[in-house]
Amino acid sequence: MIICTQLIMIPLGAEAEEKQVKDLFSYINTHQDEFVQNLKDWLAVPSDSSDPELREELTRMINIAADRIKSLGARVEVIDMGSEKLHNGQIIPFPPAILAELGKDPTKGTVCFYGHVDVQPAKKEDGWSTDPYTLTEINGNLYGRGATDNKGPVLAWIHAVETYKALKKDIPVNLKFIIEGVEETGSPGLEDLIEKHIHFFSDVDYIVISDNVRLSKKPALTYGTRGNAYFFVEVEGGKKDLHSGTFGGILHEPMRDLVYILANLVDSSGQILIPGMYDDVAPLTKEEQKLYDDIEFDLEEHKNSSCVDTYLYNTSDEVLKHLWRYPSLSIHGIEGAFSDTGSKTVIPSKVTGKFSIRQVPNMKIPVVEKQVEKYIEDVFARLHSPNKVTVSLKIGAVPWLANIDDPQYTAAKNAITKVFDITPDMIRDGSTIPLAKTFQDLTKKSVLMLPIGGADDGEHSQNEKISRFNYIEGTKVFACFFQELSKLHGDPINGMPLKN
Ligand SMILES: NCC(=O)N[C@@H](Cc1c[nH]cn1)C(=O)O
Ligand SMILES: [Zn+2]
Ligand SMILES: [Zn+2]
């Protein structure tokens, strides 16, 4: 910790630092019920960014988050993000985004926290055991949509700052926030926002994201994520749905064409069938292999938490590589198809298949897009169908890899060691933070991913949760991280040079 008098930096002595950590931890422990209540309030807002009907709720959620950050004493800007045109032609407003700053001391490092307050869809009837929008605590777990992805971690960061304020302690770093409401739909418009507000990042030294989970019970730091290329493939026959008794047998049915296309994208061993898809995948180096060897990963525990008995691969090494460094293709759904209970005898006139390909270094989205278009055209040609097929790329998010030698990785390791008395695993993540690489490329600043959620949190799934333990200890990690970062910042040997 550093006390600042005018422009002279005096490091806190070891004893004072120890006392400060004790005070911070004690405050966080005694206020944990309040922190859980705050999460309960946030989870009650159904801020699902994929449902146009819930757009007002999403905007309300952004305003709640903005007010909370304002209450820290931060200067907050709520920025209008314009509107979006949906697949069906409807135009609806995007939720605003938040840019905020707290502290402008030139002798301190500046950390920008990026997070999102939109969530994936959730309905009780999808198979949730509790109401997804009512935080329910069972056996030390806090269940609810957004608990771990990403409302819990965003609040934990805010609570870490609040802890310093409540104890009237000097926050050892300047803080900035960028909070958005469309991450789950690929962060449309956010790249433009960063470009337009690039001056906001000029004094930022470090960017931190806490929007993924650990690989096991062991705390971890994440240094890479996959990207995602999300496609819609639409097959259109006539202009209206038809009776399968009156018309079945005389038509080229759009659904049959679409199912044929989808079934030809990936084989039963997980191999993507689109020619060229693996051409640009980065070769495995000895250094990368060494990182896999050092990771604590229990394949059986992983299968247990996913509730799947058999994976495509049998060894931990293969599973991790296929999650982190190879592309994968997943088929997500079909819009326009009959999907309710009952037995409707319809022939849908227009159906849209949705699939995505997780991207890895050194794949290029425009190349993938062309390969997908050409392949679907070729597969469709085999059907000699008069129907109309249209392929469109809806999300093009690129993969991200960090420089783990950056001082903020050391600061995060030290913070985790203070809280858990353990050295974290260095991991990658198979999911996507669309903005991670954008931040790195546009701002040229170091990006760190510091997950606080557990491997079994069930992001995007039924019964999403964060454990009370991880939520509260994660708050402590963030509070310690500020302190550890301030020790390295300005250290010409182990850290960054001071800003002038
Ligand atoms: N917690 C991060 C996350 O879930 N990100 C989404 C982002 C995305 C990618 N394509 C569409 N949305 C993910 O699915 O990885
Ligand atoms: Zn997320
Ligand atoms: Zn998510």
# chains A, B, ... in the order shown; residues from 1 in each chain; ligands from 1

$ residues_near_ligand --ligand "ligand 1" --cutoff "8 Å" --atoms "only C-alpha atoms and all ligand atoms" --output "mmCIF file with N, CA and C atoms, in the first residue's frame"
data_model
loop_
_atom_site.group_PDB
_atom_site.id
_atom_site.type_symbol
_atom_site.label_atom_id
_atom_site.label_comp_id
_atom_site.auth_asym_id
_atom_site.auth_seq_id
_atom_site.Cartn_x
_atom_site.Cartn_y
_atom_site.Cartn_z
ATOM 1 N N ASP A 149 -22.531 -14.770 -13.934
ATOM 2 C CA ASP A 149 -22.313 -14.206 -15.283
ATOM 3 C C ASP A 149 -23.289 -13.077 -15.507
ATOM 4 N N ASN A 150 -22.992 -11.864 -15.123
ATOM 5 C CA ASN A 150 -21.734 -11.352 -14.601
ATOM 6 C C ASN A 150 -22.026 -10.374 -13.464
ATOM 7 N N GLU A 183 -23.400 -7.741 -23.793
ATOM 8 C CA GLU A 183 -22.276 -8.675 -23.952
ATOM 9 C C GLU A 183 -22.755 -10.024 -24.439
ATOM 10 N N GLU A 184 -23.906 -10.459 -23.913
ATOM 11 C CA GLU A 184 -24.382 -11.803 -24.257
ATOM 12 C C GLU A 184 -24.841 -11.903 -25.711
ATOM 13 N N THR A 185 -24.987 -10.763 -26.375
ATOM 14 C CA THR A 185 -25.330 -10.822 -27.794
ATOM 15 C C THR A 185 -24.160 -10.330 -28.641
ATOM 16 N N GLY A 186 -22.950 -10.422 -28.079
ATOM 17 C CA GLY A 186 -21.741 -10.143 -28.853
ATOM 18 C C GLY A 186 -21.232 -8.719 -28.761
ATOM 19 N N SER A 187 -21.733 -7.918 -27.810
ATOM 20 C CA SER A 187 -21.281 -6.529 -27.592
ATOM 21 C C SER A 187 -21.375 -5.638 -28.828
ATOM 22 N N ASP A 211 -15.218 -12.175 -15.913
ATOM 23 C CA ASP A 211 -16.430 -12.653 -16.580
ATOM 24 C C ASP A 211 -16.249 -14.081 -17.087
ATOM 25 N N ASN A 212 -15.596 -14.888 -16.276
ATOM 26 C CA ASN A 212 -15.490 -16.313 -16.618
ATOM 27 C C ASN A 212 -15.315 -17.049 -15.295
ATOM 28 N N ARG A 226 -11.491 -18.011 -26.334
ATOM 29 C CA ARG A 226 -11.791 -18.217 -27.750
ATOM 30 C C ARG A 226 -12.699 -17.079 -28.243
ATOM 31 N N GLY A 227 -12.715 -16.881 -29.532
ATOM 32 C CA GLY A 227 -13.661 -15.931 -30.129
ATOM 33 C C GLY A 227 -14.896 -16.692 -30.584
ATOM 34 N N ASN A 228 -15.788 -16.027 -31.316
ATOM 35 C CA ASN A 228 -16.980 -16.723 -31.802
ATOM 36 C C ASN A 228 -17.475 -16.104 -33.102
ATOM 37 N N ALA A 229 -17.739 -16.966 -34.078
ATOM 38 C CA ALA A 229 -18.383 -16.516 -35.326
ATOM 39 C C ALA A 229 -19.764 -17.149 -35.331
ATOM 40 N N TYR A 230 -20.787 -16.307 -35.189
ATOM 41 C CA TYR A 230 -22.162 -16.813 -35.011
ATOM 42 C C TYR A 230 -22.940 -16.592 -36.314
ATOM 43 N N SER A 356 -22.737 -21.630 -34.204
ATOM 44 C CA SER A 356 -21.559 -20.770 -34.058
ATOM 45 C C SER A 356 -20.290 -21.602 -34.033
ATOM 46 N N ILE A 395 -22.428 -12.464 -35.402
ATOM 47 C CA ILE A 395 -21.442 -12.007 -34.412
ATOM 48 C C ILE A 395 -20.071 -12.464 -34.904
ATOM 49 N N GLY A 396 -19.110 -11.552 -34.873
ATOM 50 C CA GLY A 396 -17.734 -11.932 -35.249
ATOM 51 C C GLY A 396 -16.788 -11.488 -34.156
ATOM 52 N N ALA A 397 -16.630 -12.341 -33.140
ATOM 53 C CA ALA A 397 -15.781 -11.972 -31.994
ATOM 54 C C ALA A 397 -14.474 -12.758 -32.076
ATOM 55 N N GLY A 430 -12.714 -21.457 -22.847
ATOM 56 C CA GLY A 430 -13.290 -21.758 -24.161
ATOM 57 C C GLY A 430 -14.365 -20.788 -24.594
ATOM 58 N N SER A 431 -14.874 -19.981 -23.651
ATOM 59 C CA SER A 431 -15.944 -19.047 -24.023
ATOM 60 C C SER A 431 -15.326 -17.741 -24.535
ATOM 61 N N THR A 432 -16.184 -16.759 -24.762
ATOM 62 C CA THR A 432 -15.747 -15.558 -25.491
ATOM 63 C C THR A 432 -16.068 -14.294 -24.719
ATOM 64 N N ILE A 433 -15.082 -13.408 -24.623
ATOM 65 C CA ILE A 433 -15.365 -12.049 -24.164
ATOM 66 C C ILE A 433 -15.131 -11.197 -25.405
ATOM 67 N N PRO A 434 -16.220 -10.845 -26.105
ATOM 68 C CA PRO A 434 -16.024 -10.200 -27.408
ATOM 69 C C PRO A 434 -15.082 -8.991 -27.372
ATOM 70 N N GLU A 459 -22.797 -21.229 -15.898
ATOM 71 C CA GLU A 459 -23.077 -20.057 -16.752
ATOM 72 C C GLU A 459 -23.946 -20.483 -17.932
ATOM 73 N N HIS A 460 -24.905 -19.704 -18.278
ATOM 74 C CA HIS A 460 -25.823 -19.904 -19.419
ATOM 75 C C HIS A 460 -26.752 -21.103 -19.230
#

$ residues_around --residues "Phe297 of chain A" --least-positions-apart "5" --cutoff "9 Å" --atoms "only C-alpha atoms" --output "PDB file with C-alpha atoms, in the first residue's frame"
ATOM      1  CA  LEU A 215     -11.403 -24.635 -14.144  1.00  0.00           C
ATOM      2  CA  SER A 216     -11.488 -26.438 -10.811  1.00  0.00           C
ATOM      3  CA  HIS A 302     -15.636 -31.701 -14.764  1.00  0.00           C
ATOM      4  CA  SER A 316      -7.541 -34.064 -19.609  1.00  0.00           C
ATOM      5  CA  LEU A 320      -8.414 -28.763 -22.406  1.00  0.00           C
TER       6      LEU A 320
END

$ residues_around --residues "segment 312-314 of chain A" --least-positions-apart "6" --cutoff "10 Å" --atoms "only C-alpha atoms" --output "ChimeraX atom specification"
/A:268-270,299,320,322

$ closest_atom_pairs --of "segment 333-369 of chain A" --to "segment 233-255 of chain A" --cutoff "7 Å" --atoms "only C-alpha atoms" --output "CSV"
residue,atom,partner,partner_atom,distance
A:Thr345,CA,A:Ser244,CA,5.7
A:Val346,CA,A:His243,CA,5.2
A:Ile347,CA,A:Leu242,CA,5.1
A:Pro348,CA,A:Asp241,CA,4.7
A:Ser349,CA,A:Asp241,CA,4.8
A:Lys350,CA,A:Glu236,CA,4.3
A:Val351,CA,A:Val235,CA,5.5
A:Thr352,CA,A:Glu234,CA,4.1
A:Gly353,CA,A:Val233,CA,5.0
A:Lys354,CA,A:Val233,CA,6.5

$ closest_residue --among "A:Ile376, A:Leu262, A:Met277, A:Leu39" --to "Ile331 of chain A" --atoms "only C-alpha atoms"
A:Leu262

$ closest_residue --among "A:Asp298, A:Thr438, A:Phe200, A:Ala44" --to "Asp131 of chain A" --atoms "only C-alpha atoms"
A:Ala44

$ atom_distance --atom1 "atom CA of Cys112 of chain A" --atom2 "atom CA of Lys176 of chain A"
4.3 Å

$ residues_around --residues "segment 19-27 of chain A" --least-positions-apart "4" --cutoff "8 Å" --atoms "only C-alpha atoms" --output "list in words"
Glu15, His31, Thr163, Tyr164, Leu167, Lys476, Ala479 and Cys480 of chain A

$ select_by_dssp --residues "segment 390-431 of chain A" --states "strand (DSSP E or B)" --output "mmCIF file with C-alpha atoms, in the first residue's frame"
data_model
loop_
_atom_site.group_PDB
_atom_site.id
_atom_site.type_symbol
_atom_site.label_atom_id
_atom_site.label_comp_id
_atom_site.auth_asym_id
_atom_site.auth_seq_id
_atom_site.Cartn_x
_atom_site.Cartn_y
_atom_site.Cartn_z
ATOM 1 C CA THR A 390 -29.326 -17.153 -47.042
ATOM 2 C CA VAL A 391 -26.286 -17.290 -44.758
ATOM 3 C CA SER A 392 -25.390 -14.329 -42.545
ATOM 4 C CA LEU A 393 -22.699 -13.725 -39.948
ATOM 5 C CA LYS A 394 -24.355 -12.180 -36.867
ATOM 6 C CA ILE A 395 -21.442 -12.007 -34.412
ATOM 7 C CA GLY A 396 -17.734 -11.932 -35.249
ATOM 8 C CA ALA A 397 -15.781 -11.972 -31.994
ATOM 9 C CA TRP A 400 -7.714 -13.159 -27.093
ATOM 10 C CA LEU A 401 -4.354 -14.088 -25.549
ATOM 11 C CA ASP A 425 -3.474 -21.920 -11.990
ATOM 12 C CA MET A 426 -2.854 -20.151 -15.283
ATOM 13 C CA ILE A 427 -5.776 -21.104 -17.522
ATOM 14 C CA ARG A 428 -7.509 -20.257 -20.777
ATOM 15 C CA ASP A 429 -11.269 -20.278 -21.332
#

$ residues_around --residues "Asn264 of chain A" --least-positions-apart "3" --cutoff "9 Å" --atoms "only C-alpha atoms" --output "PyMOL selection string"
chain A and resi 259-261+267+272-274+376+379

$ write_last_selection --atoms "N, CA, C and O atoms" --output "PDB file, in the first residue's frame"
ATOM      1  N   VAL A 259     -32.263 -28.969 -41.990  1.00  0.00           N
ATOM      2  CA  VAL A 259     -31.728 -30.046 -41.143  1.00  0.00           C
ATOM      3  C   VAL A 259     -30.573 -30.747 -41.869  1.00  0.00           C
ATOM      4  O   VAL A 259     -29.551 -31.095 -41.261  1.00  0.00           O
ATOM      5  N   TYR A 260     -30.681 -30.887 -43.188  1.00  0.00           N
ATOM      6  CA  TYR A 260     -29.607 -31.502 -43.974  1.00  0.00           C
ATOM      7  C   TYR A 260     -28.337 -30.633 -43.889  1.00  0.00           C
ATOM      8  O   TYR A 260     -27.234 -31.136 -43.672  1.00  0.00           O
ATOM      9  N   ILE A 261     -28.528 -29.330 -44.042  1.00  0.00           N
ATOM     10  CA  ILE A 261     -27.361 -28.420 -43.976  1.00  0.00           C
ATOM     11  C   ILE A 261     -26.709 -28.511 -42.597  1.00  0.00           C
ATOM     12  O   ILE A 261     -25.499 -28.701 -42.468  1.00  0.00           O
ATOM     13  N   ASP A 267     -19.113 -33.542 -37.742  1.00  0.00           N
ATOM     14  CA  ASP A 267     -19.389 -34.987 -37.667  1.00  0.00           C
ATOM     15  C   ASP A 267     -19.501 -35.446 -36.214  1.00  0.00           C
ATOM     16  O   ASP A 267     -19.343 -34.654 -35.275  1.00  0.00           O
ATOM     17  N   ILE A 272     -15.124 -30.438 -37.478  1.00  0.00           N
ATOM     18  CA  ILE A 272     -15.909 -29.520 -38.326  1.00  0.00           C
ATOM     19  C   ILE A 272     -15.672 -29.920 -39.777  1.00  0.00           C
ATOM     20  O   ILE A 272     -14.526 -30.138 -40.200  1.00  0.00           O
ATOM     21  N   LEU A 273     -16.760 -30.039 -40.546  1.00  0.00           N
ATOM     22  CA  LEU A 273     -16.653 -30.572 -41.911  1.00  0.00           C
ATOM     23  C   LEU A 273     -16.436 -29.481 -42.965  1.00  0.00           C
ATOM     24  O   LEU A 273     -16.320 -29.787 -44.148  1.00  0.00           O
ATOM     25  N   ILE A 274     -16.376 -28.238 -42.530  1.00  0.00           N
ATOM     26  CA  ILE A 274     -16.204 -27.129 -43.486  1.00  0.00           C
ATOM     27  C   ILE A 274     -14.738 -27.085 -43.929  1.00  0.00           C
ATOM     28  O   ILE A 274     -13.840 -26.911 -43.086  1.00  0.00           O
ATOM     29  N   ILE A 376     -21.881 -24.044 -47.397  1.00  0.00           N
ATOM     30  CA  ILE A 376     -23.348 -24.200 -47.325  1.00  0.00           C
ATOM     31  C   ILE A 376     -23.944 -24.157 -48.739  1.00  0.00           C
ATOM     32  O   ILE A 376     -24.854 -24.926 -49.067  1.00  0.00           O
ATOM     33  N   VAL A 379     -23.292 -27.644 -50.161  1.00  0.00           N
ATOM     34  CA  VAL A 379     -24.140 -28.678 -49.540  1.00  0.00           C
ATOM     35  C   VAL A 379     -25.574 -28.529 -50.030  1.00  0.00           C
ATOM     36  O   VAL A 379     -26.242 -29.508 -50.384  1.00  0.00           O
TER      37      VAL A 379
END

$ closest_residue --among "A:Leu99, A:Thr285, A:Ser71, A:Ala263" --to "His159 of chain A" --atoms "only C-alpha atoms"
A:Ser71

$ closest_residue --among "A:Ser461, A:Ser83, A:Thr110, A:Gln90" --to "Pro188 of chain A" --atoms "only C-alpha atoms"
A:Ser83

$ closest_residue --among "A:Thr59, A:Ile178, A:Tyr223, A:Leu383" --to "Asp405 of chain A" --atoms "only C-alpha atoms"
A:Tyr223

$ closest_residue --among "A:Ile452, A:Leu142, A:Val182, A:Leu175" --to "Ile62 of chain A" --atoms "only C-alpha atoms"
A:Val182

$ decode --residues "segment 425-446 of chain A" --atoms "N, CA and C atoms" --output "PDB file, in the first residue's frame"
ATOM      1  N   ASP A 425      -3.768 -21.297 -10.699  1.00  0.00           N
ATOM      2  CA  ASP A 425      -3.474 -21.920 -11.990  1.00  0.00           C
ATOM      3  C   ASP A 425      -3.545 -20.858 -13.073  1.00  0.00           C
ATOM      4  N   MET A 426      -2.759 -21.040 -14.117  1.00  0.00           N
ATOM      5  CA  MET A 426      -2.854 -20.151 -15.283  1.00  0.00           C
ATOM      6  C   MET A 426      -3.685 -20.894 -16.321  1.00  0.00           C
ATOM      7  N   ILE A 427      -4.858 -20.374 -16.636  1.00  0.00           N
ATOM      8  CA  ILE A 427      -5.776 -21.104 -17.522  1.00  0.00           C
ATOM      9  C   ILE A 427      -6.233 -20.251 -18.711  1.00  0.00           C
ATOM     10  N   ARG A 428      -6.794 -20.949 -19.705  1.00  0.00           N
ATOM     11  CA  ARG A 428      -7.509 -20.257 -20.777  1.00  0.00           C
ATOM     12  C   ARG A 428      -8.986 -20.603 -20.619  1.00  0.00           C
ATOM     13  N   ASP A 429      -9.835 -20.025 -21.467  1.00  0.00           N
ATOM     14  CA  ASP A 429     -11.269 -20.278 -21.332  1.00  0.00           C
ATOM     15  C   ASP A 429     -11.834 -20.480 -22.736  1.00  0.00           C
ATOM     16  N   GLY A 430     -12.714 -21.457 -22.847  1.00  0.00           N
ATOM     17  CA  GLY A 430     -13.290 -21.758 -24.161  1.00  0.00           C
ATOM     18  C   GLY A 430     -14.365 -20.788 -24.594  1.00  0.00           C
ATOM     19  N   SER A 431     -14.874 -19.981 -23.651  1.00  0.00           N
ATOM     20  CA  SER A 431     -15.944 -19.047 -24.023  1.00  0.00           C
ATOM     21  C   SER A 431     -15.326 -17.741 -24.535  1.00  0.00           C
ATOM     22  N   THR A 432     -16.184 -16.759 -24.762  1.00  0.00           N
ATOM     23  CA  THR A 432     -15.747 -15.558 -25.491  1.00  0.00           C
ATOM     24  C   THR A 432     -16.068 -14.294 -24.719  1.00  0.00           C
ATOM     25  N   ILE A 433     -15.082 -13.408 -24.623  1.00  0.00           N
ATOM     26  CA  ILE A 433     -15.365 -12.049 -24.164  1.00  0.00           C
ATOM     27  C   ILE A 433     -15.131 -11.197 -25.405  1.00  0.00           C
ATOM     28  N   PRO A 434     -16.220 -10.845 -26.105  1.00  0.00           N
ATOM     29  CA  PRO A 434     -16.024 -10.200 -27.408  1.00  0.00           C
ATOM     30  C   PRO A 434     -15.082  -8.991 -27.372  1.00  0.00           C
ATOM     31  N   LEU A 435     -15.033  -8.285 -26.216  1.00  0.00           N
ATOM     32  CA  LEU A 435     -14.237  -7.056 -26.192  1.00  0.00           C
ATOM     33  C   LEU A 435     -12.795  -7.241 -25.744  1.00  0.00           C
ATOM     34  N   ALA A 436     -12.424  -8.446 -25.277  1.00  0.00           N
ATOM     35  CA  ALA A 436     -11.092  -8.605 -24.689  1.00  0.00           C
ATOM     36  C   ALA A 436      -9.986  -8.187 -25.672  1.00  0.00           C
ATOM     37  N   LYS A 437     -10.039  -8.723 -26.879  1.00  0.00           N
ATOM     38  CA  LYS A 437      -8.994  -8.409 -27.863  1.00  0.00           C
ATOM     39  C   LYS A 437      -9.146  -6.967 -28.358  1.00  0.00           C
ATOM     40  N   THR A 438     -10.404  -6.503 -28.422  1.00  0.00           N
ATOM     41  CA  THR A 438     -10.647  -5.116 -28.853  1.00  0.00           C
ATOM     42  C   THR A 438      -9.947  -4.148 -27.896  1.00  0.00           C
ATOM     43  N   PHE A 439     -10.098  -4.395 -26.590  1.00  0.00           N
ATOM     44  CA  PHE A 439      -9.430  -3.540 -25.603  1.00  0.00           C
ATOM     45  C   PHE A 439      -7.926  -3.531 -25.850  1.00  0.00           C
ATOM     46  N   GLN A 440      -7.382  -4.751 -26.021  1.00  0.00           N
ATOM     47  CA  GLN A 440      -5.934  -4.882 -26.197  1.00  0.00           C
ATOM     48  C   GLN A 440      -5.470  -4.121 -27.450  1.00  0.00           C
ATOM     49  N   ASP A 441      -6.206  -4.306 -28.545  1.00  0.00           N
ATOM     50  CA  ASP A 441      -5.782  -3.705 -29.815  1.00  0.00           C
ATOM     51  C   ASP A 441      -5.971  -2.198 -29.833  1.00  0.00           C
ATOM     52  N   LEU A 442      -7.125  -1.734 -29.331  1.00  0.00           N
ATOM     53  CA  LEU A 442      -7.409  -0.299 -29.449  1.00  0.00           C
ATOM     54  C   LEU A 442      -6.701   0.533 -28.382  1.00  0.00           C
ATOM     55  N   THR A 443      -6.649   0.007 -27.152  1.00  0.00           N
ATOM     56  CA  THR A 443      -6.073   0.823 -26.080  1.00  0.00           C
ATOM     57  C   THR A 443      -4.586   0.532 -25.871  1.00  0.00           C
ATOM     58  N   LYS A 444      -4.128  -0.612 -26.369  1.00  0.00           N
ATOM     59  CA  LYS A 444      -2.737  -1.077 -26.197  1.00  0.00           C
ATOM     60  C   LYS A 444      -2.399  -1.286 -24.712  1.00  0.00           C
ATOM     61  N   LYS A 445      -3.434  -1.476 -23.883  1.00  0.00           N
ATOM     62  CA  LYS A 445      -3.184  -1.692 -22.459  1.00  0.00           C
ATOM     63  C   LYS A 445      -3.271  -3.184 -22.135  1.00  0.00           C
ATOM     64  N   SER A 446      -2.700  -3.532 -20.981  1.00  0.00           N
ATOM     65  CA  SER A 446      -2.698  -4.942 -20.572  1.00  0.00           C
ATOM     66  C   SER A 446      -4.108  -5.346 -20.106  1.00  0.00           C
TER      67      SER A 446
END
